[in-house]
Structures are given as structure tokens and as C-alpha cells.
Number of protein chains: 2
Amino acid sequence: EPSAKVIDGKSVAKQIREEISAHVSKMKDAIGVVPGLAVILVGDRKDSATYVRNKKKACESVGINSFEVHLPDDASEQEVLKFISDFNHDPSVHGILVQLPLPSHMNEQNILNAVMIEKDVDGFHPLNIGRLAMRGREPLFVPCTPKGCIELLHRYGFDIKGKRAVVIGRSNIVGMPAALLLQREDATVSIVHSRTKNPEEITRQADIIVSAVGQPNMVRGSWIKPGAVIIDVGINPVEDASSPRGYRLVGDVCYEEACKIAAAVTPVPGGVGPMTIAMLLSNTLSSAKRAYNLK
Amino acid sequence: EPSAKVIDGKSVAKQIREEISAHVSKMKDAIGVVPGLAVILVGDRKDSATYVRNKKKACESVGINSFEVHLPDDASEQEVLKFISDFNHDPSVHGILVQLPLPSHMNEQNILNAVMIEKDVDGFHPLNIGRLAMRGREPLFVPCTPKGCIELLHRYGFDIKGKRAVVIGRSNIVGMPAALLLQREDATVSIVHSRTKNPEEITRQADIIVSAVGQPNMVRGSWIKPGAVIIDVGINPVEDASSPRGYRLVGDVCYEEACKIAAAVTPVPGGVGPMTIAMLLSNTLSSAKRAYNLK
Ligand SMILES: NC(=O)C1=CN([C@@H]2O[C@H](COP(=O)(O)OP(=O)(O)OC[C@H]3O[C@@H](n4cnc5c(N)ncnc54)[C@H](OP(=O)(O)O)[C@@H]3O)[C@@H](O)[C@H]2O)C=CC1
Ligand SMILES: NC(=O)C1=CN([C@@H]2O[C@H](COP(=O)(O)OP(=O)(O)OC[C@H]3O[C@@H](n4cnc5c(N)ncnc54)[C@H](OP(=O)(O)O)[C@@H]3O)[C@@H](O)[C@H]2O)C=CC1
């Protein structure tokens with residue numbers, strides 16, 4: 001019978017939004033300014049449009065101003081760079097986010113590098129990543145999804161220091177920064193990726209597993225040490241005739257099996273997903289506070 | 001009976017110096033320019049003076065120009081920054097190295113950040129470290145000691161891809177970049193540090209161990225999997241009445257025990273040590289080539 005605690009990212013994210021909302025009001029009262037987030041969307045991908053809409057809605061819900069630029073798929077790199085430059089100079093904008101993926105004719109690296117580091121609320125700038133990797137340095141922003149993973153561990157009171165943590169996946173936006181964050185918190189970290197042989201031998205030693213792969217149900221019950229804490233970042237559509245859309249979303253972790261052996265598991269959806277946007281709001285708030293030298 | 005192959009860093013470093021020397025001559029013939037390395041030394045630490053002298057000698061041995069600035073212990077941060085700025089602008093200087101540690105009244109971070117990234121041959125700039133951590137990005141320079149470790153593995157033909165690698169230590173200058181480099185080469189990496197419980201359980205799984213801790217003989221034979229490759233970065237003085245200086249240098253790894261179980265081991269001295277300077281010369285050469293757009 002299932003026994004794992006369900007890590008309720010949805011309700012934690014709600015609580016964080018309420019905290020942010022209170023901070024934003026306080027800021028408005030104190031200095032008459034609210035944080036602002038600019039989102040740049042290029043092209044007509046439906047999923048990207050949905051993400052951007054959700055981000056806008058989340059901003060509104062906490063009193064953060066949102067600015068949106070929507071360019072057509074055939075916009076030039078120069079146009080995008082022009083908007084970034086304007087937002088870089090605009091004092092009412094404290095965070096700039098370029099929705100990925102960009103159309104293939106654009107150089108993603110050039111565009112991301114153009115966002116000034118003080119407004120890089122995604123935390124993807126190599127200077128931020130370098131500082132995240134280095135002891136004694138502080139990144140200005142921590143990438144939202146891995147930050148959300150750690151925040152869940154903190155809010156549920158799971159120790160990280162001295163624990164064995166295994167991160168599955170090493171992407172620039174999730175796996176790699178998650179590993180760096182866990183190491184900053186003094187976990188002993190191993191990183192598993194597509195070239196790893198017998199990954200289950202490594203994951204079975206983990207007190208904490210963070211999986212960010214994109215393979216439905218890859219992490220089976222037999223991969224998990226009894227009592228481990230499982231953070232499932234994966235969001236994978238699988239066919240489901242019984243669903244009105246014809247599919248449903250599952251994580252990288254076989255949830256039913258994990259529930260039988262782990263101490264705690266994040267569900268998909270409702271686990272890490274809602275935390276990502278909450279952390280984006282949190283980064284935008286910190287950026288505005290930093291801009292006005294508020295504590 | 002001992003059976004491990006001795007990884008002879010001294011002779012590999014010599015070979016690399018010869019290769020660099022040949023490249024420098026070719027460059028001189030082709031464009032009449034040789035690479036230049038500037039070293040800034042502050043204060044009177046004997047060990048630092050020795051390191052700087054060795055670096056100068058190594059430069060001379062391959063035809064790289066070396067420039068040295070030696071400031072007194074009570075020099076101001078501004079003076080150091082002034083010299084860095086001059087070297088940043090000097091087209092005959094392709095690498096700038098500030099010998100650490102700096103006197104305690106100086107802000108190391110400010111000073112290291114002042115070296116322009118194109119001349120950061122130590123590879124310690126956070127932007128370089130960030131690029132090293134990120135897939136699809138290329139650092140301009142890789143820190144010398146970890147680069148030397150990987151170079152030894154390459155030159156001896158040890159596979160890295162798909163292997164289990166354990167790095168002991170996570171300092172900004174050795175352990176952390178070594179872990180990032182091994183991961184870039186598709187090893188499955190675990191990082192052990194002072195908060196790790198039962199490190200020997202982790203190291204016993206490693207096909208490759210890189211130890212950069214600073215604890216004499218910490219890695220015992222029982223920590224090593226039969227057939228593993230051991231890169232010992234540690235340089236630790238231990239008392240030795242039979243030595244004229246009263247001490248001798250040993251690594252982090254118990255060499256005698258490692259020789260009985262590992263496939264290959266670096267000795268201390270004569271393993272990683274000589275590689276560090278060879279990689280500094282290599283980085284300085286690359287920098288000069290990049291400055292003149294040579295292949
Ligand atoms: N909850 C949220 O808010 C977010 C969720 N996601 C979800 O997280 C997942 C990962 O996203 P992202 O990091 O962007 O994905 P990427 O495709 O960029 O990276 C996937 C990583 O998984 C590794 N991998 C692939 N197959 C295997 C395997 N069989 N065994 C072990 N490792 C494997 C890859 O290894 P290699 O490097 O060797 O190729 C790679 O490092 C996706 O499902 C995505 O939808 C992503 C962002 C936010
Ligand atoms: N061959 C060469 O050219 C060079 C050699 N060295 C040598 O390499 C060694 C390491 O140097 P450096 O990286 O600068 O040293 P640091 O002191 O900066 O870092 C030491 C690392 O070892 C970890 N550590 C300390 N004690 C233990 C323990 N008992 N078990 C596991 N991990 C431990 C520390 O963990 P934590 O982070 O938790 O504190 C830290 O990450 C030294 O002996 C140094 O002389 C260094 C540079 C160049």
C-alpha cells in the first residue's frame with residue numbers, strides 16, 4: 001500500500017505567491033513602485049504562448065507588472081535584441097525573460113547574452129552559472145526550476161546537508177544547476193545522464209533523487225532506496241484514450257511504484273511545475289528589491 | 001606486489017613543453033610574434049616566489065615571453081589593479097596571472113575579476129567557469145590543474161566516456177572544475193567533500209578517482225576499486241627525519257597501497273604537479289593564437 005508523503009507543489013507555490021504578494025504591497029506602500037517582468041515571445045508555438053500567458057497571469061495575481069512583446073516567427077534577431085536593449089534600460093522592468101525555444105534562424109546564445117545580468121531572472125547567463133558553481137560567490141539569480149526543487153525540500157523540512165543526492169539529467173536549465181545547488185547545500189552529488197551505465201545502481205544509493213530527463217516512468221520503484229525523497233521534474237505527455245485531450249502528463253518517475261518505497265514524492269502535475277513560476281516571481285521581486293536597495 | 005602503471009606526469013609535461021616550443025617557433029616565423037605571460041606577485045611568501053620563478057623558467061624554456069611585477073606586501077589594491085589594467089591593454093601580453101594567495105587586506109574577487117577574460121589563462125573567471133559548466137558553451141580557458149589531470153588521462157589512453165568518476169574535493173581551482181571537465185567528457189561524476197559520509201563507499205565504485213583534498217594518505221587501498229585509475233592532485237608535506245629538509249611531499253593517496261590495486265596511479269611529486277605549469281603555457285599559447293586568429 002502507498003505510504004509516501006505527497007509533496008504538494010501546488011499548495012506550496014500558492015503560499016509563496018501569497019508571501020510575494022505581501023512583499024509587493026509593502027514595496028508599493030514604501031516607495032510607490034512595484035516589480036516589473038518583461039516577457040519576449042517570438043513565433044506562434046502554442047505551448048510557448050500558454051507558458052507566457054501563465055506567467056502574465058501569475059504576475060497579475062501578486063501585483064507584479066508584466067510587459068509582453070510578441071514578435072512573429074520571421075522577426076529578425078536584431079528586432080529581438082532591440083527590445084531586450086529597451087527593457088535593459090527601462091527602470092520599471094526588473095526581470096527580462098525570453099521564452100524558449102526561439103525560431104531556428106536566431107542565435108539563442110547571442111540573444112540570452114544580451115539580457116543584462118541584473119535582469120536575468122531566468123538565471124541562465126553563464127556569469128550567473130559560474131557564480132553558482134563557485135564557492136564564495138553568489139549568483140544574482142538561481143534558475144527557477146531547480147530553485148523550486150530545493151525550495152520544496154526546504155519547506156518540507158528535508159535535510160540536504162551530508163545526504164547523497166542523485167540528479168538525473170544535466171541540462172543547462174534544470175539538471176546541471178540542480179546539481180550545483182544541491183552541492184552548495186552540502187549534499188554529496190552524483191549526476192546521471194544518457195551515457196551513464198546502470199543508472200539504477202547509483203540512484204538506489206540516493207537519499208534525494210531529482211529527475212529531469214523527459215522519459216515517462218523511467219525511474220522505477222527498484223531504482224529507489226526505501227525512504228528516499230523524490231523530486232520529479234519531468235513533464236511527459238503519454239497517450240490516454242480516456243482523457244478528453246487524448247493524452248495525460250506524467251513525470252520521469254513511476255509514481256505508483258515510488259509511492260510504495262519513497263518517503264516523499266512530487267506528483268506530476270502539481271509538484272515542481274507550479275514552483276517554477278513561483279520562483280520566477282520570487283526572482284523578479286528580489287531583482288526589484290535589489291534595484292531599490294531594499295532588504 | 002605492486003602492479004599499477006605509474007603515470008609519469010613529468011615526462012608528459014616535458015613532451016607537451018616540446019610541442020609548445022615548436023608551436024611558438026612556428027608562430028614567431030609566421031608573424032614575428034611570441035606569446036607573452038604576465039605574472040603579478042604581491043608580498044614575500046617564499047612558496048609563492050618559488051611558483052612564480054618556476055613559471056618564468058618554464059616560459060623561457062619554450063620561448064614564451066614572461067613579464068613579472070613584484071609588489072610589496074603593503075601595496076594597495078589600486079596598484080595591483082593598475083598593473084592588471086596595463087597588462088589588459090598591452091598587446092604583447094596574452095595571459096595574466098595573479099599569484100595567490102594575495103595579502104589579506106586585498107579583495108581577491110575584485111582583483112581576479114579585473115583580468116580581462118581573453119587573458120584569464122588561469123581560467124578562474126566566473127564567466128569561464130559558467131561556460132565550462134554549460135553544454136554548448138566553450139570556456140576560453142580551462143583551469144590548469146584540472147586540465148592537466150584530464151590531459152594525463154587522454155595521453156595515457158584511458159577512456160572517460162561512460163566511466164564512473166569520483167572527484168574528492170570541490171575547490172574553485174581544482175575539484176569543482178575537474179568534476180565539470182570529467183562530466184563534459186561524459187563520465188558519470190560524483191563529488192565527495194568534507195561533509196560526505198563514508199566517502200570510501202563512493203570511491204570504491206569509481207573507475208577514475210581524482211583527489212584534490214590536501215590530506216596525506218587519506219585515500220587508502222581499501223577505497224579503490226581494482227583496476228581504477230588514480231589521479232592524485234594533493235601535495236602534502238609530511239615530516240621525514242631522513243630527508244635533508246626534514247620533510248617530504250606526499251599526495252592524498254596512499255601510494256604504496258594504491259599501486260597494489262589500481263591500474264594506474266600518478267606519483268607525488270612527478271604526477272599532476274608538472275602538468276599544471278605545462279597547461280599554463282598551453283593556455284598562454286592558445287590565447288596568443290586566438291589574438292592573432294591563428295589555428
Ligand atoms: N516542471 C517544470 O517546470 C519543468 C519541467 N521540465 C521537464 O523536465 C524534463 C527535462 O527537461 P530538460 O532538462 O529541459 O531536458 P533536456 O532534454 O535538455 O535534458 C534531458 C537530460 O536527460 C538526460 N537523459 C536523456 N535520456 C536519459 C536516460 N535514458 N537516462 C539518463 N539520462 C537521460 C540527457 O542526457 P545527455 O545530457 O547525456 O543528453 C539530458 O542531460 C522534461 O520532461 C521537461 O518537460 C523542464 C523545465 C521546467
Ligand atoms: N598539483 C598541483 O599543481 C596542485 C596541487 N594542489 C594540491 O591539491 C590539494 C587541494 O588543493 P585545493 O583544491 O586548493 O584545496 P582546498 O583546501 O581549497 O580544497 C580542499 C577540498 O577538499 C575537501 N576536503 C577536506 N577534507 C576532506 C576530507 N576529509 N574528506 C573529503 N574531502 C575533504 C574540502 O571540502 P569542503 O569543500 O567541504 O571544505 C575541499 O573541497 C592540496 O594538497 C594542494 O596542495 C593544488 C593546486 C595545484
# chains A, B, ... in the order shown; residues from 1 in each chain; ligands from 1
$ select_by_dssp --residues "stretch 80-164 of chain A" --states "helix (DSSP H, G or I)" --output "PyMOL selection string"
chain A and resi 80-89+108-114+117-119+126-133+144-155
$ residues_around --residues "B:Ala228" --least-positions-apart "2" --cutoff "12 Å" --atoms "only C-alpha atoms" --output "ChimeraX atom specification"
/B:4-5,153,158-160,163-166,203-210,221-226,230-231,258-266
$ residues_near_ligand --ligand "ligand 2" --cutoff "6 Å" --atoms "only C-alpha atoms and all ligand atoms" --output "JSON, numbers by chain"
{"B": [145, 168, 169, 170, 171, 173, 174, 175, 192, 193, 194, 195, 212, 213, 214, 233, 234, 235, 236, 272, 273, 276]}
$ residues_around --residues "A:Leu37" --least-positions-apart "6" --cutoff "8 Å" --atoms "only C-alpha atoms" --output "short mmCIF file (atom, residue, chain, number, x, y, z; two decimals) with N, CA and C atoms, in the first residue's frame"
data_model
loop_
_atom_site.label_atom_id
_atom_site.label_comp_id
_atom_site.auth_asym_id
_atom_site.auth_seq_id
_atom_site.Cartn_x
_atom_site.Cartn_y
_atom_site.Cartn_z
N CYS A 59 1.92 36.92 -12.58
CA CYS A 59 2.37 38.28 -12.22
C CYS A 59 1.19 39.08 -11.68
N ILE A 64 2.67 42.08 -9.58
CA ILE A 64 3.85 42.43 -10.38
C ILE A 64 3.38 42.89 -11.76
N ASN A 65 3.94 44.01 -12.25
CA ASN A 65 3.61 44.45 -13.61
C ASN A 65 4.20 43.49 -14.63
N SER A 66 3.42 43.20 -15.68
CA SER A 66 4.05 42.41 -16.74
C SER A 66 3.96 43.15 -18.06
N PHE A 67 5.02 43.02 -18.81
CA PHE A 67 5.12 43.64 -20.13
C PHE A 67 5.34 42.51 -21.10
N VAL A 93 11.30 47.87 -15.49
CA VAL A 93 11.46 46.43 -15.76
C VAL A 93 12.60 45.88 -14.91
N HIS A 94 12.30 44.87 -14.08
CA HIS A 94 13.32 44.30 -13.20
C HIS A 94 13.71 42.89 -13.60
N GLY A 95 12.93 42.32 -14.48
CA GLY A 95 13.27 40.99 -14.98
C GLY A 95 12.92 40.90 -16.45
N ILE A 96 13.78 40.24 -17.23
CA ILE A 96 13.53 40.05 -18.66
C ILE A 96 13.64 38.57 -18.96
N LEU A 97 12.63 38.08 -19.64
CA LEU A 97 12.58 36.66 -19.92
C LEU A 97 12.31 36.46 -21.39
N THR A 284 11.94 37.95 -9.67
CA THR A 284 11.60 39.30 -10.13
C THR A 284 11.49 40.25 -8.94
#
$ interface_residues --of "chain A" --to "chain B" --cutoff "10 Å" --atoms "only C-alpha atoms" --output "MDAnalysis selection string"
chainID A and resid 109 124:137 139 161:166 170:173 176:177 180 183 186:197 199 202 205
$ atom_distance --atom1 "atom CA of A:Ser61" --atom2 "atom CA of A:Lys289"
18.7 Å
$ atom_distance --atom1 "atom CA of A:Arg290" --atom2 "atom 6 (N, counted along the ligand's line) of ligand 1"
28.4 Å
$ atom_distance --atom1 "atom CA of B:Glu77" --atom2 "atom CA of B:Asn113"
12.6 Å
$ select_by_dssp --residues "stretch 79-150 of chain B" --states "strand (DSSP E or B)" --output "ChimeraX atom specification"
/B:95-98
$ closest_residue --among "A:Pro244, A:Pro72, A:Pro216, A:Pro91" --to "ligand 1" --atoms "only C-alpha atoms and all ligand atoms"
A:Pro216
$ closest_residue --among "B:Arg184, B:Val167, B:Glu151, B:Ile16" --to "ligand 1" --atoms "only C-alpha atoms and all ligand atoms"
B:Arg184
$ residues_around --residues "B:Ala13" --least-positions-apart "6" --cutoff "9 Å" --atoms "only C-alpha atoms" --output "list in words"
Gly148, Pro274, Met275, Thr276, Ile277, Ala278 and Met279 of chain B
$ write_last_selection --atoms "N, CA and C atoms" --output "mmCIF file, in the first residue's frame"
data_model
loop_
_atom_site.group_PDB
_atom_site.id
_atom_site.type_symbol
_atom_site.label_atom_id
_atom_site.label_comp_id
_atom_site.auth_asym_id
_atom_site.auth_seq_id
_atom_site.Cartn_x
_atom_site.Cartn_y
_atom_site.Cartn_z
ATOM 1 N N GLY B 148 45.261 19.613 -16.595
ATOM 2 C CA GLY B 148 46.399 18.690 -16.575
ATOM 3 C C GLY B 148 45.976 17.269 -16.223
ATOM 4 N N PRO B 274 53.818 18.761 -12.420
ATOM 5 C CA PRO B 274 54.452 19.318 -13.620
ATOM 6 C C PRO B 274 53.447 19.646 -14.722
ATOM 7 N N MET B 275 52.300 18.971 -14.708
ATOM 8 C CA MET B 275 51.280 19.216 -15.742
ATOM 9 C C MET B 275 50.666 20.598 -15.585
ATOM 10 N N THR B 276 50.553 21.075 -14.342
ATOM 11 C CA THR B 276 49.897 22.358 -14.113
ATOM 12 C C THR B 276 50.601 23.476 -14.875
ATOM 13 N N ILE B 277 51.928 23.515 -14.748
ATOM 14 C CA ILE B 277 52.661 24.574 -15.451
ATOM 15 C C ILE B 277 52.604 24.359 -16.965
ATOM 16 N N ALA B 278 52.677 23.110 -17.386
ATOM 17 C CA ALA B 278 52.595 22.846 -18.831
ATOM 18 C C ALA B 278 51.269 23.367 -19.397
ATOM 19 N N MET B 279 50.179 23.219 -18.626
ATOM 20 C CA MET B 279 48.863 23.681 -19.090
ATOM 21 C C MET B 279 48.791 25.212 -19.086
#
